[in-house]
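Asks: To start, I am sharing the structure in question, which I have written as structure tokens.
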Amino acid sequence: MDFRIFTEPELGAGYGELLRVARLAEQTGFEGFFRSDHVLTMDGSAGLPGPTDAWTTLSALGRETTRIRLGTLVTAATFRLPGMLAITVAQADEMSGGRIELGLGAGWFAAEHTAYGIPFPTARERFDRFTEQLEILSGLWATPPGERFSYAGTHYTLTDCPALPRPVQQPGPPVIIGGYGPRRTPALAARFAAEFNLTFASIDTAVAQFRRVDAACRDAGREPASLPRSIGQTLALGRTDAEIAERALPAAAPEGMRANALAGSPAQVVDAIGRWREHTGIDRLYLQILDLADLDHIELFAAEVMPQLAADGALG
């Protein structure tokens with residue numbers, strides 16, 4: 001089981017703050033640094049100094065870190081054309097020495113599309129485009145050197161593409177798929193995902209969705225155990241009740257984030273993660289850190305939670 005930091009820069013964080021957190025995550029033993037791919041706040045806050053582009057940020061972080069995995073939870077398929085996304089992700093993978101992972105979803109936040117002039121089709125069309133993007137990305141990255149890739153879909157057409165540049169990781173950077181859809185989401189995960197992720201879910205909800213993913217894998221002829229499962233939860237860790245309350249406060253505005261948060265003392269959070277592991281068998285946990293200036297929050301988890309889990313044979 002590994003632990004990754006998950007940030008929401010649209011709430012207010014420039015590149016310098018993200019770099020500090022990524023470096024600290026690497027220094028303190030986390031396995032990854034991930035960020036959302038949003039350009040507008042969801043809670044009505046100012047979000048100063050303004051949004052940062054996810055892939056510009058991750059490419060730069062790839063040059064400033066050496067070990068941790070870097071990626072998105074998640075890039076919206078509505079934001080970028082698939083051919084250009086393949087180029088962007090492949091270049092970021094090269095810049096990081098092969099440490100990039102692509103969380104990709106259909107896109108859902110209508111307000112940010114309206115604010116920045118991004119087309120926002122119906123849910124059905126967004127999911128259709130998402131499906132075609134997965135087919136194109138996997139096809140481009142799997143194209144052997146010297147050969148060409150073509151694709152004719154309803155929404156995207158690629159003709160005689162050289163499928164360059166090549167990512168360092170082959171057959172391509174791991175793709176993370178997640179969400180609560182009962183049919184299409186599990187089916188796409190079974191076909192394309194290297195990891196299935198749920199954020200802000202309850203244990204019961206996660207168990208039910210993981211079972212759907214298992215069934216989809218079997219239907220696709222894939223061994224369910226070959227698809228790792230992960231969870232993302234808000235962290236509100238503290239040594240005292242006051243410290244816990246202060247760190248939980250930023251999570252109160254985005255509705256639903258706090259309901260299943262990992263909140264409490266180090267011992268309480270260790271117990272909560274143990275319950276998740278016992279009931280869901282998760283391999284990975286993304287810890288959503290909302291106040292990126294609070295570096296002690298990250299250090300406390302690394303110092304007082306990680307060692308207890310590492311020492312517990314039940315958790316690996």
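Starting from 1 in every chain, residues are counted up; chains themselves are A, B, ... following the order of the structure tokens, and ligands are numbered from 1 as listed.
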Applying 6 Å and only C-alpha atoms, which residues near segment 279-287 of chain A remain after dropping the ones on its own chain fewer than 3 positions away? List them as a PyMOL selection string.
Replies: chain A and resi 1-6+207+229-235+276
Asks: Create the file for the chosen residues now, containing N, CA, C and O atoms and written as a short mmCIF file (atom, residue, chain, number, x, y, z; two decimals), in the first residue's frame.
Replies:
```cif
data_model
loop_
_atom_site.label_atom_id
_atom_site.label_comp_id
_atom_site.auth_asym_id
_atom_site.auth_seq_id
_atom_site.Cartn_x
_atom_site.Cartn_y
_atom_site.Cartn_z
N MET A 1 0.85 -1.19 0.00
CA MET A 1 0.00 0.00 0.00
C MET A 1 0.88 1.23 0.00
O MET A 1 1.81 1.33 0.80
N ASP A 2 0.61 2.16 -0.92
CA ASP A 2 1.41 3.38 -0.93
C ASP A 2 0.51 4.60 -0.77
O ASP A 2 -0.70 4.55 -0.98
N PHE A 3 1.14 5.71 -0.39
CA PHE A 3 0.43 6.94 -0.09
C PHE A 3 0.90 8.05 -1.03
O PHE A 3 2.10 8.20 -1.30
N ARG A 4 -0.07 8.81 -1.51
CA ARG A 4 0.21 9.89 -2.45
C ARG A 4 -0.49 11.16 -1.99
O ARG A 4 -1.60 11.11 -1.43
N ILE A 5 0.14 12.29 -2.24
CA ILE A 5 -0.46 13.59 -1.95
C ILE A 5 -1.32 14.00 -3.14
O ILE A 5 -0.92 13.87 -4.29
N PHE A 6 -2.49 14.53 -2.84
CA PHE A 6 -3.45 14.97 -3.85
C PHE A 6 -3.84 16.41 -3.54
O PHE A 6 -4.32 16.71 -2.45
N VAL A 207 -17.09 -0.51 -1.95
CA VAL A 207 -17.20 -1.96 -2.08
C VAL A 207 -18.13 -2.31 -3.24
O VAL A 207 -17.83 -3.18 -4.07
N ARG A 229 -6.84 -0.99 -7.00
CA ARG A 229 -7.90 -0.07 -6.58
C ARG A 229 -7.29 0.98 -5.64
O ARG A 229 -6.42 0.67 -4.83
N SER A 230 -7.80 2.19 -5.74
CA SER A 230 -7.31 3.26 -4.86
C SER A 230 -8.47 4.13 -4.43
O SER A 230 -9.54 4.16 -5.05
N ILE A 231 -8.22 4.87 -3.36
CA ILE A 231 -9.21 5.77 -2.78
C ILE A 231 -8.56 7.13 -2.56
O ILE A 231 -7.37 7.22 -2.22
N GLY A 232 -9.31 8.19 -2.76
CA GLY A 232 -8.87 9.54 -2.41
C GLY A 232 -9.77 10.10 -1.32
O GLY A 232 -11.00 10.06 -1.45
N GLN A 233 -9.16 10.59 -0.24
CA GLN A 233 -9.93 11.18 0.86
C GLN A 233 -9.23 12.42 1.38
O GLN A 233 -8.00 12.51 1.37
N THR A 234 -10.04 13.36 1.84
CA THR A 234 -9.51 14.55 2.49
C THR A 234 -8.85 14.16 3.81
O THR A 234 -9.39 13.34 4.56
N LEU A 235 -7.70 14.76 4.10
CA LEU A 235 -7.00 14.50 5.36
C LEU A 235 -7.15 15.68 6.30
O LEU A 235 -6.97 16.84 5.90
N TRP A 276 -10.49 0.72 5.88
CA TRP A 276 -10.57 0.78 4.42
C TRP A 276 -9.87 -0.41 3.79
O TRP A 276 -10.38 -1.05 2.87
#
```
Asks: Tell me, as number ranges by chain, which residues lie within 7 Å of Ile100 of chain A, counting only C-alpha atoms; anything in the same chain fewer than 2 positions away does not count.
Replies: A: 69-71, 92-93, 98, 102, 173
Asks: Find the residue from A:Leu295, A:Ala208, A:Ala76, A:Met95 that sits nearest to Val21 of chain A; use only C-alpha atoms when measuring.
Replies: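 Of the candidates, the smallest distance to Val21 of chain A is held by A:Leu295.
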Asks: May I ask which of the residues A:Gly14, A:Arg166, A:Tyr116, A:Gly146 is the closest one to Gly47 of chain A, counting only C-alpha atoms?
Replies: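 Closest to Gly47 of chain A of all the choices is A:Gly14.
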Asks: Mind pulling up the distance from atom CA of Pro145 of chain A to atom CA of Ile68 of chain A?
Replies: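 The value is 28.1 Å.
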Asks: Mind listing the helix (DSSP H, G or I) residues of segment 50-298 of chain A, per DSSP on the backbone, as a PyMOL selection string?
Replies: chain A and resi 54-64+82-96+110-116+123-142+184-192+203-219+224-226+241-252+266-280+295-298
Asks: Tell me which of A:Phe301, A:Pro174, A:Asp53, A:Asn260 sits closest to Ala201 of chain A, counting only C-alpha atoms.
Replies: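 Using only C-alpha atoms, Ala201 of chain A sits closest to A:Asn260.
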Asks: Of the candidates A:Leu104, A:Ala242, A:Val89, A:Val305, which one gets nearest to Ala193 of chain A if we count only C-alpha atoms?
Replies: A:Leu104
Asks: Hey, which of A:Asp37, A:Glu26, A:Glu17, A:Glu304 ends up closest to Arg80 of chain A? Count only C-alpha atoms.
Replies: A:Asp37
Asks: Could you pull the residues within 12 Å of Leu18 of chain A, counting only C-alpha atoms, minus those fewer than 4 positions along the same chain, as an MDAnalysis selection string?
Replies: chainID A and resid 5:10 12:14 22:25 33:36 51:54 56:58 60:61 64:65 70 289:295
Asks: Pull N, CA and C atoms from the residues just selected and write them as a compact mmCIF listing (two decimals), in the first residue's frame.
Replies:
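And here is the file that came out, out.txt:
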```txt
# COMPACT_ATOMS: atom_id res chain seq x y z
N ILE A 5 0.14 12.29 -2.24
CA ILE A 5 -0.46 13.59 -1.95
C ILE A 5 -1.32 14.00 -3.14
N PHE A 6 -2.49 14.53 -2.84
CA PHE A 6 -3.45 14.97 -3.85
C PHE A 6 -3.84 16.41 -3.54
N THR A 7 -3.61 17.32 -4.50
CA THR A 7 -3.82 18.75 -4.26
C THR A 7 -4.91 19.30 -5.18
N GLU A 8 -5.48 20.43 -4.76
CA GLU A 8 -6.53 21.13 -5.51
C GLU A 8 -6.07 22.57 -5.75
N PRO A 9 -5.14 22.79 -6.69
CA PRO A 9 -4.56 24.13 -6.86
C PRO A 9 -5.56 25.20 -7.27
N GLU A 10 -6.70 24.81 -7.84
CA GLU A 10 -7.67 25.83 -8.22
C GLU A 10 -8.23 26.59 -7.01
N GLY A 12 -6.39 27.87 -4.83
CA GLY A 12 -5.45 28.94 -4.56
C GLY A 12 -4.06 28.44 -4.29
N ALA A 13 -3.26 28.27 -5.35
CA ALA A 13 -1.87 27.84 -5.20
C ALA A 13 -1.12 28.11 -6.49
N GLY A 14 -0.01 28.82 -6.39
CA GLY A 14 0.85 29.02 -7.54
C GLY A 14 1.86 27.90 -7.66
N ALA A 22 5.45 19.21 -3.44
CA ALA A 22 5.96 18.03 -4.16
C ALA A 22 7.33 17.61 -3.63
N ARG A 23 8.21 18.57 -3.39
CA ARG A 23 9.53 18.24 -2.85
C ARG A 23 9.42 17.64 -1.45
N LEU A 24 8.53 18.21 -0.62
CA LEU A 24 8.35 17.67 0.73
C LEU A 24 7.78 16.26 0.67
N ALA A 25 6.83 16.03 -0.22
CA ALA A 25 6.27 14.69 -0.37
C ALA A 25 7.35 13.69 -0.73
N PHE A 33 2.83 12.61 -6.15
CA PHE A 33 2.23 13.94 -6.01
C PHE A 33 1.26 14.11 -7.18
N PHE A 34 -0.01 14.27 -6.86
CA PHE A 34 -1.04 14.40 -7.89
C PHE A 34 -1.81 15.70 -7.67
N ARG A 35 -2.39 16.18 -8.75
CA ARG A 35 -3.15 17.41 -8.66
C ARG A 35 -4.42 17.30 -9.52
N SER A 36 -5.40 18.10 -9.15
CA SER A 36 -6.61 18.18 -9.95
C SER A 36 -6.30 18.90 -11.26
N PRO A 51 -5.82 29.85 -11.56
CA PRO A 51 -5.55 28.46 -11.89
C PRO A 51 -4.18 28.27 -12.52
N THR A 52 -3.64 27.10 -12.32
CA THR A 52 -2.41 26.70 -12.99
C THR A 52 -2.72 25.52 -13.88
N ASP A 53 -2.12 25.49 -15.06
CA ASP A 53 -2.36 24.39 -15.97
C ASP A 53 -1.73 23.11 -15.43
N ALA A 54 -2.50 22.04 -15.39
CA ALA A 54 -2.03 20.81 -14.77
C ALA A 54 -0.78 20.27 -15.45
N THR A 56 1.39 21.75 -17.55
CA THR A 56 2.55 22.64 -17.43
C THR A 56 3.22 22.43 -16.08
N THR A 57 2.39 22.38 -15.03
CA THR A 57 2.90 22.16 -13.68
C THR A 57 3.63 20.83 -13.56
N LEU A 58 2.99 19.77 -14.01
CA LEU A 58 3.59 18.43 -13.84
C LEU A 58 4.87 18.27 -14.65
N ALA A 60 7.02 20.65 -15.28
CA ALA A 60 8.06 21.35 -14.52
C ALA A 60 8.47 20.56 -13.29
N LEU A 61 7.50 19.99 -12.60
CA LEU A 61 7.82 19.20 -11.41
C LEU A 61 8.64 17.97 -11.76
N GLU A 64 12.12 18.85 -11.32
CA GLU A 64 12.50 19.30 -9.98
C GLU A 64 12.40 18.20 -8.93
N THR A 65 11.96 17.01 -9.34
CA THR A 65 11.89 15.86 -8.43
C THR A 65 12.62 14.69 -9.09
N LEU A 70 4.01 11.33 -10.67
CA LEU A 70 3.34 12.61 -10.88
C LEU A 70 2.15 12.40 -11.81
N ILE A 289 -4.87 17.27 0.38
CA ILE A 289 -4.39 18.33 1.26
C ILE A 289 -4.90 19.66 0.69
N LEU A 290 -5.75 20.34 1.45
CA LEU A 290 -6.37 21.56 0.93
C LEU A 290 -5.57 22.81 1.27
N ASP A 291 -4.90 22.85 2.41
CA ASP A 291 -4.08 24.01 2.77
C ASP A 291 -2.63 23.66 2.46
N LEU A 292 -2.15 24.12 1.32
CA LEU A 292 -0.81 23.74 0.88
C LEU A 292 0.29 24.51 1.60
N ALA A 293 -0.08 25.50 2.38
CA ALA A 293 0.91 26.20 3.19
C ALA A 293 1.19 25.46 4.50
N ASP A 294 0.34 24.51 4.86
CA ASP A 294 0.46 23.78 6.11
C ASP A 294 1.34 22.54 5.89
N LEU A 295 2.63 22.77 5.78
CA LEU A 295 3.55 21.66 5.51
C LEU A 295 3.66 20.70 6.69
```
Asks: If you run DSSP on the backbone here, which positions in segment 127-185 of chain A get strand (DSSP E or B)? Please write them as a VMD selection string.
Replies: chain A and resid 149 to 152 157 to 161 175 to 178
Asks: Filtering to N, CA, C and O atoms, could you give me those residues as a compact mmCIF listing (two decimals), in the first residue's frame?
Replies:
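The file below, out-v7.txt, is the result:
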```
# COMPACT_ATOMS: atom_id res chain seq x y z
N PHE A 149 -0.47 5.61 -37.18
CA PHE A 149 -1.73 5.31 -36.49
C PHE A 149 -2.86 6.12 -37.12
O PHE A 149 -2.72 7.33 -37.32
N SER A 150 -3.95 5.45 -37.42
CA SER A 150 -5.15 6.13 -37.92
C SER A 150 -6.35 5.70 -37.10
O SER A 150 -6.39 4.57 -36.57
N TYR A 151 -7.31 6.61 -37.00
CA TYR A 151 -8.50 6.33 -36.19
C TYR A 151 -9.67 7.11 -36.76
O TYR A 151 -9.54 8.32 -37.03
N ALA A 152 -10.79 6.46 -36.92
CA ALA A 152 -12.00 7.11 -37.43
C ALA A 152 -13.12 6.90 -36.44
O ALA A 152 -13.70 5.81 -36.36
N THR A 157 -10.96 12.10 -35.58
CA THR A 157 -10.38 11.35 -36.68
C THR A 157 -8.89 11.68 -36.76
O THR A 157 -8.51 12.85 -36.81
N LEU A 158 -8.05 10.65 -36.75
CA LEU A 158 -6.62 10.81 -36.92
C LEU A 158 -6.22 10.04 -38.17
O LEU A 158 -6.62 8.89 -38.34
N THR A 159 -5.42 10.67 -39.02
CA THR A 159 -5.05 10.05 -40.29
C THR A 159 -3.53 10.02 -40.43
O THR A 159 -2.88 11.06 -40.39
N ASP A 160 -2.99 8.81 -40.55
CA ASP A 160 -1.57 8.62 -40.85
C ASP A 160 -0.69 9.36 -39.85
O ASP A 160 0.27 10.03 -40.20
N CYS A 161 -1.01 9.21 -38.56
CA CYS A 161 -0.26 9.91 -37.50
C CYS A 161 1.02 9.15 -37.17
O CYS A 161 0.98 7.93 -36.96
N VAL A 175 -2.78 4.71 -17.06
CA VAL A 175 -4.02 5.48 -17.12
C VAL A 175 -4.87 5.12 -15.90
O VAL A 175 -5.11 3.93 -15.62
N ILE A 176 -5.33 6.14 -15.19
CA ILE A 176 -6.20 5.97 -14.03
C ILE A 176 -7.61 6.36 -14.44
O ILE A 176 -7.83 7.45 -14.98
N ILE A 177 -8.55 5.49 -14.20
CA ILE A 177 -9.96 5.75 -14.46
C ILE A 177 -10.72 5.57 -13.16
O ILE A 177 -10.40 4.68 -12.36
N GLY A 178 -11.72 6.39 -12.93
CA GLY A 178 -12.51 6.27 -11.72
C GLY A 178 -13.90 6.82 -11.89
O GLY A 178 -14.27 7.30 -12.97
```
Asks: I want to know what sits within 12 Å of Glu112 of chain A, based on only C-alpha atoms, with residues of the same chain fewer than 5 positions away left out; could you give that as a PyMOL selection string?
Replies: chain A and resi 10+37-42+44+51+76+78-79+107+117-120
Asks: Within 12 Å of Ser226 of chain A, counting only C-alpha atoms, which residues show up once you throw out same-chain ones fewer than 4 positions away? Write them as a PyMOL selection string, please.
Replies: chain A and resi 189-196+213-214+217-218+221-222+283
Asks: List the neighbours of Leu164 of chain A out to 12 Å using only C-alpha atoms; skip same-chain residues closer than 5 positions along the sequence, and give me the result as a PyMOL selection string.
Replies: chain A and resi 83-91+137+139-149+172
